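First the structure, in the form of structure tokens, and then the observations on it.
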Amino acid sequence: VDAHGDLNTPATSPSGNMHGMPLGLLLGLCDTSTLPGFEWLADTPMLRPDQIVFVGLRDLDGPERDVIRTMGIRAYTMQHVDKWGIGKVMDMAINHFRGSDGSLPPLHLSYDIDAVDPEQAPATGTVVRGGFNFREAHYIAEAVSETGMLGSMDLVEVNPMLTAGKEAELTCQLGMALIASAMGSRIL
């Protein structure tokens with residue numbers, strides 16, 4: 001769940017920021033044995049494209065678009081959310097991981113707070129307008145939780161140092177509430 005693809009490599013990144021490269025490195029899109037501090041990745045299992053589903057993309061670099069298309073990575077942009085609604089998008093995202101018998105493997109939910117609109121989560125370093133509203137943001141976590149197969153989760157890019165007072169508090173509270181939703185907290 002991210003506004004960005006994080007599929008860059010040192011050769012394709014316009015900014016050179018490593019936080020835009022984790023999936024690029026984990027998919028083996030570059031030789032990590034030549035990256036200082038990342039040599040250890042060369043000896044670890046890589047992710048396969050079929051193990052990834054993006055939800056909420058809205059700010060991609062050209063090379064990231066190319067990777068998604070050429071590798072066949074399942075990706076739902078905010079345009080898909082607008083067209084079908086978050087419920088259908090999450091159904092399709094989760095069903096992508098189902099086996100032929102309908103079972104699901106343990107799921108990892110990687111939730112970047114910048115997927116949420118900055119009106120709801122302003123304390124992040126890579127703000128892009130047009131993200132999830134409050135309920136959509138929660139629905140994503142709830143839908144994964146309801147599978148009963150959430151095995152792990154990370155929530156990233158919450159940075160209260162980037163804003164003051166109420167905006168920092170708003171983002172931190174939302175982040176904690178999203179984790180609670182993923183862990184099973186419900187209205188009823």
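Note on naming: chains are A, B, ... as they come in the structure tokens, residues start from 1 per chain, ligands start from 1 in the order shown.
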Using only C-alpha atoms, determine which residues lie at most 9 Å from stretch 8-19 of chain A, disregarding the query and same-chain residues fewer than 3 positions distant; provide the list as a ChimeraX atom specification.
-> /A:5,22-25,29-30,35,61-64,67
Selected residues written out with N, CA and C atoms, as a CSV table (one decimal), in the first residue's frame:
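result31.csv, written as the output of this step:
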```
chain,number,residue,atom,x,y,z
A,5,GLY,N,6.1,3.4,-6.2
A,5,GLY,CA,6.4,2.0,-6.5
A,5,GLY,C,7.6,1.5,-5.7
A,22,PRO,N,13.6,-0.1,-2.3
A,22,PRO,CA,13.6,-1.4,-1.6
A,22,PRO,C,13.1,-2.5,-2.5
A,23,LEU,N,12.0,-2.3,-3.2
A,23,LEU,CA,11.5,-3.4,-4.0
A,23,LEU,C,12.3,-3.7,-5.2
A,24,GLY,N,12.9,-2.6,-5.8
A,24,GLY,CA,13.9,-2.8,-6.9
A,24,GLY,C,15.0,-3.7,-6.5
A,25,LEU,N,15.5,-3.5,-5.3
A,25,LEU,CA,16.6,-4.3,-4.8
A,25,LEU,C,16.1,-5.7,-4.5
A,29,LEU,N,16.7,-6.3,-9.3
A,29,LEU,CA,16.8,-5.5,-10.5
A,29,LEU,C,18.2,-4.9,-10.7
A,30,CYS,N,19.0,-5.0,-9.7
A,30,CYS,CA,20.4,-4.6,-9.9
A,30,CYS,C,21.3,-5.5,-9.1
A,35,LEU,N,26.7,-2.6,-4.2
A,35,LEU,CA,26.2,-1.5,-3.4
A,35,LEU,C,26.8,-1.5,-2.0
A,61,ASP,N,7.8,6.8,-11.2
A,61,ASP,CA,8.8,7.2,-12.2
A,61,ASP,C,8.7,6.3,-13.4
A,62,GLY,N,9.1,6.8,-14.6
A,62,GLY,CA,9.0,6.1,-15.8
A,62,GLY,C,9.6,4.6,-15.7
A,63,PRO,N,10.8,4.5,-15.2
A,63,PRO,CA,11.4,3.1,-15.1
A,63,PRO,C,10.5,2.2,-14.2
A,64,GLU,N,9.9,2.8,-13.2
A,64,GLU,CA,9.0,2.0,-12.3
A,64,GLU,C,7.8,1.5,-13.1
A,67,VAL,N,8.9,-1.5,-15.1
A,67,VAL,CA,9.1,-2.7,-14.4
A,67,VAL,C,7.8,-3.3,-14.1
```
Neighbours of A:Ala3 within 10 Å (only C-alpha atoms; same-chain residues fewer than 4 positions away dropped), as number ranges by chain?
-> A: 54-60, 77-78, 111-117, 126-132
Can you list, as a VMD selection string, every protein, DNA or RNA residue that comes within 12 Å of A:Cys172 when you count only C-alpha atoms, leaving out same-chain residues fewer than 2 positions away?
-> chain A and resid 113 120 to 124 155 to 170 174 to 179
Mind checking DSSP for stretch 50-103 of chain A and telling me the strand (DSSP E or B) residues as a short mmCIF file (atom, residue, chain, number, x, y, z; two decimals) with C-alpha atoms, in the first residue's frame?
```cif
data_model
loop_
_atom_site.label_atom_id
_atom_site.label_comp_id
_atom_site.auth_asym_id
_atom_site.auth_seq_id
_atom_site.Cartn_x
_atom_site.Cartn_y
_atom_site.Cartn_z
CA VAL A 53 0.35 -6.38 -5.28
CA PHE A 54 0.38 -2.60 -5.22
CA VAL A 55 -2.66 -0.71 -3.95
CA GLY A 56 -2.92 3.07 -4.17
CA LEU A 57 -0.18 3.97 -6.63
CA ARG A 74 -0.32 -6.64 -10.11
CA ALA A 75 -0.92 -2.93 -9.51
CA TYR A 76 -4.02 -0.94 -8.57
CA THR A 77 -3.70 2.81 -8.87
#
```
Which residue, A:His96, A:Arg65, A:His4, A:Arg186, has the smallest gap to A:Glu146 when you use only C-alpha atoms?
-> A:Arg186
All residues 9 Å or closer to A:Ile94, only C-alpha atoms, same chain fewer than 2 positions away omitted, as number ranges by chain = A: 53, 89-92, 96-98, 104, 143-144, 147
Just write the chosen residues, C-alpha atoms, as a PDB file, in the first residue's frame.
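Result file follows (out.pdb):
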```
ATOM      1  CA  VAL A  53       0.348  -6.381  -5.279  1.00  0.00           C
ATOM      2  CA  VAL A  89      -9.842  -3.407  -5.335  1.00  0.00           C
ATOM      3  CA  MET A  90      -9.000  -5.149  -2.060  1.00  0.00           C
ATOM      4  CA  ASP A  91     -10.970  -8.243  -3.079  1.00  0.00           C
ATOM      5  CA  MET A  92      -8.944  -8.428  -6.307  1.00  0.00           C
ATOM      6  CA  HIS A  96      -4.365 -12.578  -6.430  1.00  0.00           C
ATOM      7  CA  PHE A  97      -2.637 -14.533  -3.645  1.00  0.00           C
ATOM      8  CA  ARG A  98      -5.177 -17.365  -3.407  1.00  0.00           C
ATOM      9  CA  LEU A 104      -4.241 -17.956   1.205  1.00  0.00           C
ATOM     10  CA  ALA A 143      -9.758  -6.342   4.626  1.00  0.00           C
ATOM     11  CA  VAL A 144      -6.328  -7.895   5.119  1.00  0.00           C
ATOM     12  CA  THR A 147      -8.532 -12.895   5.815  1.00  0.00           C
TER      13      THR A 147
END
```
